[in-house]
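Here is the file query27.txt (compact mmCIF, N, CA and C atoms).
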# COMPACT_ATOMS: atom_id res chain seq x y z
N LYS A 1 -137.36 60.68 36.69
CA LYS A 1 -137.21 59.69 35.62
C LYS A 1 -137.89 58.40 36.02
N GLN A 2 -138.53 57.77 35.07
CA GLN A 2 -139.19 56.49 35.35
C GLN A 2 -138.18 55.37 35.19
N GLN A 3 -138.14 54.47 36.17
CA GLN A 3 -137.22 53.35 36.13
C GLN A 3 -137.81 52.22 35.28
N PRO A 4 -136.95 51.45 34.58
CA PRO A 4 -137.46 50.32 33.81
C PRO A 4 -138.08 49.28 34.73
N GLU A 5 -139.14 48.64 34.25
CA GLU A 5 -139.78 47.59 35.02
C GLU A 5 -139.34 46.24 34.47
N THR A 6 -139.12 45.30 35.36
CA THR A 6 -138.77 43.95 34.95
C THR A 6 -139.67 42.98 35.67
N LYS A 7 -140.00 41.89 35.01
CA LYS A 7 -140.87 40.89 35.61
C LYS A 7 -140.07 39.98 36.52
N SER A 8 -140.66 39.60 37.61
CA SER A 8 -140.04 38.65 38.53
C SER A 8 -141.15 37.79 39.11
N GLU A 9 -140.75 36.75 39.83
CA GLU A 9 -141.76 35.89 40.45
C GLU A 9 -142.65 36.72 41.36
N GLY A 10 -143.94 36.54 41.23
CA GLY A 10 -144.88 37.23 42.09
C GLY A 10 -145.21 38.64 41.65
N GLY A 11 -144.80 39.06 40.45
CA GLY A 11 -145.20 40.38 39.99
C GLY A 11 -144.08 41.14 39.30
N THR A 12 -144.15 42.45 39.41
CA THR A 12 -143.20 43.32 38.73
C THR A 12 -142.31 44.00 39.75
N ALA A 13 -141.03 44.06 39.46
CA ALA A 13 -140.08 44.70 40.36
C ALA A 13 -139.41 45.86 39.64
N LYS A 14 -139.01 46.86 40.37
CA LYS A 14 -138.29 47.99 39.78
C LYS A 14 -136.80 47.65 39.73
N ALA A 15 -136.16 47.99 38.62
CA ALA A 15 -134.73 47.81 38.47
C ALA A 15 -134.10 49.20 38.39
N THR A 16 -133.02 49.42 39.10
CA THR A 16 -132.35 50.70 39.09
C THR A 16 -130.98 50.55 38.45
N PRO A 17 -130.82 51.00 37.20
CA PRO A 17 -129.51 50.90 36.58
C PRO A 17 -128.49 51.72 37.37
N VAL A 18 -127.31 51.14 37.60
CA VAL A 18 -126.27 51.82 38.36
C VAL A 18 -125.88 53.11 37.65
N ALA A 19 -125.82 53.09 36.31
CA ALA A 19 -125.46 54.29 35.57
C ALA A 19 -126.44 55.41 35.83
N THR A 20 -127.73 55.09 35.91
CA THR A 20 -128.75 56.10 36.18
C THR A 20 -128.59 56.63 37.60
N ALA A 21 -128.37 55.74 38.56
CA ALA A 21 -128.22 56.14 39.95
C ALA A 21 -127.01 57.06 40.11
N ALA A 22 -126.00 56.89 39.28
CA ALA A 22 -124.80 57.72 39.36
C ALA A 22 -124.96 59.02 38.57
N GLY A 23 -126.13 59.22 37.95
CA GLY A 23 -126.38 60.43 37.20
C GLY A 23 -125.81 60.41 35.79
N LEU A 24 -125.39 59.26 35.32
CA LEU A 24 -124.84 59.16 33.96
C LEU A 24 -125.94 58.83 32.98
N LYS A 25 -125.80 59.30 31.77
CA LYS A 25 -126.75 58.92 30.73
C LYS A 25 -126.18 57.69 30.04
N PHE A 26 -127.05 56.73 29.79
CA PHE A 26 -126.57 55.54 29.11
C PHE A 26 -127.43 55.29 27.89
N GLY A 27 -126.97 54.41 27.04
CA GLY A 27 -127.73 54.08 25.86
C GLY A 27 -126.89 53.91 24.62
N LYS A 28 -125.57 53.72 24.80
CA LYS A 28 -124.74 53.46 23.63
C LYS A 28 -125.18 52.16 23.00
N PRO A 29 -125.28 52.11 21.68
CA PRO A 29 -125.71 50.87 21.02
C PRO A 29 -124.82 49.69 21.40
N GLY A 30 -125.44 48.61 21.84
CA GLY A 30 -124.73 47.40 22.19
C GLY A 30 -124.12 47.37 23.57
N ALA A 31 -124.20 48.48 24.31
CA ALA A 31 -123.59 48.53 25.64
C ALA A 31 -124.49 47.84 26.67
N LEU A 32 -123.88 47.27 27.70
CA LEU A 32 -124.60 46.66 28.82
C LEU A 32 -124.17 47.37 30.10
N TYR A 33 -125.13 47.51 31.02
CA TYR A 33 -124.90 48.26 32.25
C TYR A 33 -125.33 47.45 33.46
N PRO A 34 -124.55 47.54 34.57
CA PRO A 34 -124.94 46.83 35.80
C PRO A 34 -126.27 47.36 36.33
N VAL A 35 -127.08 46.45 36.86
CA VAL A 35 -128.36 46.83 37.46
C VAL A 35 -128.53 46.04 38.76
N LEU A 36 -129.06 46.69 39.78
CA LEU A 36 -129.30 46.04 41.07
C LEU A 36 -130.78 45.76 41.20
N GLN A 37 -131.12 44.49 41.40
CA GLN A 37 -132.53 44.09 41.53
C GLN A 37 -132.60 42.96 42.55
N GLY A 38 -133.41 43.15 43.57
CA GLY A 38 -133.58 42.11 44.59
C GLY A 38 -132.29 41.78 45.32
N GLY A 39 -131.39 42.74 45.46
CA GLY A 39 -130.14 42.52 46.17
C GLY A 39 -129.05 41.86 45.35
N LYS A 40 -129.29 41.60 44.07
CA LYS A 40 -128.29 40.98 43.19
C LYS A 40 -128.09 41.86 41.96
N TYR A 41 -126.92 41.77 41.37
CA TYR A 41 -126.61 42.53 40.16
C TYR A 41 -126.77 41.67 38.92
N GLY A 42 -127.24 42.30 37.86
CA GLY A 42 -127.34 41.71 36.53
C GLY A 42 -126.98 42.82 35.55
N TYR A 43 -127.37 42.67 34.30
CA TYR A 43 -127.03 43.67 33.28
C TYR A 43 -128.23 43.99 32.41
N VAL A 44 -128.36 45.28 32.09
CA VAL A 44 -129.41 45.75 31.19
C VAL A 44 -128.76 46.42 29.99
N ASP A 45 -129.55 46.51 28.91
CA ASP A 45 -129.09 47.27 27.75
C ASP A 45 -129.50 48.73 27.94
N GLY A 46 -129.21 49.57 26.98
CA GLY A 46 -129.52 50.99 27.08
C GLY A 46 -130.99 51.30 27.18
N ALA A 47 -131.86 50.37 26.80
CA ALA A 47 -133.31 50.56 26.89
C ALA A 47 -133.85 50.08 28.24
N GLY A 48 -132.98 49.52 29.09
CA GLY A 48 -133.42 49.03 30.39
C GLY A 48 -133.89 47.59 30.39
N LYS A 49 -133.74 46.88 29.27
CA LYS A 49 -134.15 45.47 29.18
C LYS A 49 -133.07 44.60 29.83
N ILE A 50 -133.52 43.69 30.73
CA ILE A 50 -132.58 42.77 31.38
C ILE A 50 -131.99 41.83 30.33
N ILE A 51 -130.66 41.83 30.22
CA ILE A 51 -129.95 40.96 29.28
C ILE A 51 -129.33 39.79 30.02
N ILE A 52 -128.73 40.06 31.18
CA ILE A 52 -128.16 39.01 32.03
C ILE A 52 -128.87 39.11 33.37
N ASP A 53 -129.58 38.05 33.75
CA ASP A 53 -130.39 38.05 34.97
C ASP A 53 -129.56 38.41 36.21
N PRO A 54 -130.15 39.15 37.14
CA PRO A 54 -129.46 39.46 38.39
C PRO A 54 -129.13 38.19 39.16
N GLN A 55 -127.84 37.98 39.42
CA GLN A 55 -127.37 36.78 40.10
C GLN A 55 -126.04 36.99 40.79
N TYR A 56 -125.48 38.19 40.68
CA TYR A 56 -124.14 38.46 41.19
C TYR A 56 -124.17 39.30 42.45
N PHE A 57 -123.24 39.03 43.36
CA PHE A 57 -123.08 39.80 44.59
C PHE A 57 -122.56 41.20 44.26
N MET A 58 -121.69 41.29 43.25
CA MET A 58 -121.14 42.55 42.78
C MET A 58 -120.87 42.43 41.29
N ALA A 59 -120.96 43.56 40.58
CA ALA A 59 -120.71 43.54 39.14
C ALA A 59 -120.13 44.88 38.70
N THR A 60 -119.22 44.84 37.74
CA THR A 60 -118.63 46.06 37.20
C THR A 60 -119.11 46.28 35.76
N ARG A 61 -118.77 47.44 35.22
CA ARG A 61 -119.10 47.72 33.82
C ARG A 61 -118.24 46.85 32.91
N PHE A 62 -118.74 46.64 31.70
CA PHE A 62 -117.98 45.88 30.70
C PHE A 62 -116.85 46.74 30.15
N SER A 63 -115.71 46.11 29.93
CA SER A 63 -114.56 46.73 29.29
C SER A 63 -113.95 45.68 28.39
N GLU A 64 -113.82 46.00 27.14
CA GLU A 64 -113.29 45.06 26.15
C GLU A 64 -114.04 43.73 26.19
N ASP A 65 -115.37 43.83 26.29
CA ASP A 65 -116.30 42.70 26.25
C ASP A 65 -116.24 41.76 27.46
N LEU A 66 -115.62 42.19 28.56
CA LEU A 66 -115.60 41.42 29.79
C LEU A 66 -116.01 42.32 30.97
N ALA A 67 -116.66 41.71 31.96
CA ALA A 67 -117.02 42.43 33.18
C ALA A 67 -116.65 41.55 34.37
N MET A 68 -116.11 42.18 35.41
CA MET A 68 -115.77 41.44 36.62
C MET A 68 -117.03 41.29 37.47
N VAL A 69 -117.26 40.09 37.98
CA VAL A 69 -118.40 39.83 38.85
C VAL A 69 -117.94 39.04 40.06
N VAL A 70 -118.72 39.13 41.13
CA VAL A 70 -118.47 38.34 42.33
C VAL A 70 -119.72 37.52 42.58
N ILE A 71 -119.54 36.20 42.75
CA ILE A 71 -120.66 35.32 43.05
C ILE A 71 -120.50 34.79 44.47
N GLU A 72 -121.63 34.48 45.09
CA GLU A 72 -121.60 33.89 46.43
C GLU A 72 -121.82 32.39 46.32
N LYS A 73 -120.97 31.64 46.98
CA LYS A 73 -121.11 30.19 47.07
C LYS A 73 -121.11 29.85 48.55
N GLY A 74 -122.31 29.75 49.12
CA GLY A 74 -122.42 29.55 50.56
C GLY A 74 -121.93 30.79 51.28
N SER A 75 -120.96 30.63 52.16
CA SER A 75 -120.42 31.77 52.88
C SER A 75 -119.19 32.35 52.19
N ARG A 76 -118.80 31.78 51.05
CA ARG A 76 -117.62 32.25 50.32
C ARG A 76 -118.03 33.06 49.10
N LYS A 77 -117.14 33.94 48.70
CA LYS A 77 -117.35 34.74 47.49
C LYS A 77 -116.23 34.43 46.51
N LYS A 78 -116.59 34.34 45.23
CA LYS A 78 -115.60 34.08 44.20
C LYS A 78 -115.70 35.16 43.13
N CYS A 79 -114.55 35.57 42.63
CA CYS A 79 -114.47 36.62 41.62
C CYS A 79 -114.13 35.99 40.28
N GLY A 80 -114.69 36.55 39.21
CA GLY A 80 -114.38 36.08 37.87
C GLY A 80 -114.82 37.11 36.84
N TYR A 81 -114.67 36.76 35.58
CA TYR A 81 -115.06 37.65 34.49
C TYR A 81 -116.07 36.94 33.60
N ILE A 82 -117.10 37.69 33.20
CA ILE A 82 -118.12 37.14 32.31
C ILE A 82 -118.03 37.85 30.95
N ASP A 83 -118.51 37.14 29.92
CA ASP A 83 -118.64 37.77 28.62
C ASP A 83 -120.04 38.38 28.49
N ARG A 84 -120.37 38.93 27.36
CA ARG A 84 -121.65 39.61 27.16
C ARG A 84 -122.86 38.68 27.19
N SER A 85 -122.63 37.38 27.14
CA SER A 85 -123.75 36.43 27.25
C SER A 85 -123.95 35.98 28.70
N GLY A 86 -123.05 36.39 29.61
CA GLY A 86 -123.15 35.99 31.00
C GLY A 86 -122.35 34.76 31.33
N LYS A 87 -121.61 34.22 30.36
CA LYS A 87 -120.80 33.03 30.58
C LYS A 87 -119.52 33.42 31.30
N MET A 88 -119.19 32.69 32.37
CA MET A 88 -117.95 32.91 33.12
C MET A 88 -116.79 32.43 32.25
N VAL A 89 -115.87 33.34 31.92
CA VAL A 89 -114.78 32.98 31.02
C VAL A 89 -113.41 32.99 31.71
N ILE A 90 -113.30 33.68 32.82
CA ILE A 90 -112.03 33.71 33.57
C ILE A 90 -112.35 33.55 35.04
This entry written out as structure tokens:
Amino acid sequence: KQQPETKSEGGTAKATPVATAAGLKFGKPGALYPVLQGGKYGYVDGAGKIIIDPQYFMATRFSEDLAMVVIEKGSRKKCGYIDRSGKMVI
């Protein structure tokens, strides 16, 4: 399977959707999926388009329009929940 390509500084980077790596088929309308790119997690839609830029140390799938993410602040990590726009809400 061909992986979706995403643009990044200095050229094009390959993004590997976690759902694809786990052997799951994705593509439900409106669904977002965690993707690992450059050592950080972000979210793609079912077509592989980056919707939320990779910026998280860890990310989970969305459930009821929220996803748990972990961000790094220096040597500390903080956990929270984001909405589908990437805004930290909890």
Report as a PyMOL selection string all protein, DNA and RNA residues lying within 6 Å of A:Tyr33, evaluated on all atoms listed in the file, omitting residues in the same chain fewer than 6 positions from it. chain A and resi 18+42-45
Please produce a file of the residues just selected, as a JSON list (two decimals), keeping the file's coordinate frame, where the atoms kept are N, CA and C atoms.
[["chain", "number", "residue", "atom", "x", "y", "z"],
["A", 18, "VAL", "N", -127.31, 51.14, 37.60],
["A", 18, "VAL", "CA", -126.27, 51.82, 38.36],
["A", 18, "VAL", "C", -125.88, 53.11, 37.65],
["A", 42, "GLY", "N", -127.24, 42.30, 37.86],
["A", 42, "GLY", "CA", -127.34, 41.71, 36.53],
["A", 42, "GLY", "C", -126.98, 42.82, 35.55],
["A", 43, "TYR", "N", -127.37, 42.67, 34.30],
["A", 43, "TYR", "CA", -127.03, 43.67, 33.28],
["A", 43, "TYR", "C", -128.23, 43.99, 32.41],
["A", 44, "VAL", "N", -128.36, 45.28, 32.09],
["A", 44, "VAL", "CA", -129.41, 45.75, 31.19],
["A", 44, "VAL", "C", -128.76, 46.42, 29.99],
["A", 45, "ASP", "N", -129.55, 46.51, 28.91],
["A", 45, "ASP", "CA", -129.09, 47.27, 27.75],
["A", 45, "ASP", "C", -129.50, 48.73, 27.94]]
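Going from atom CA of A:Met58 to atom CA of A:Gly27 covers 21.5 Å.
Relative to atom CA of A:Phe62, atom N of A:Ile90 is found at 13.2 Å.
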From atom CA of A:Tyr81 to atom CA of A:Ser63 the spacing works out at 10.5 Å
Residue list as a PyMOL selection string for point (-118.8, 40.8, 34.2), cut-off 7 Å, all atoms listed in the file: chain A and resi 59-62+66-69+80-83
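Closest to A:Ala47 among A:Lys28, A:Glu64, A:Val89, A:Gly74 is A:Lys28, based on all atoms listed in the file.
Closest approach to A:Gly39 from the set A:Ile51, A:Ile71, A:Phe57, A:Asp65 is made by A:Phe57, with distances taken over all atoms listed in the file.
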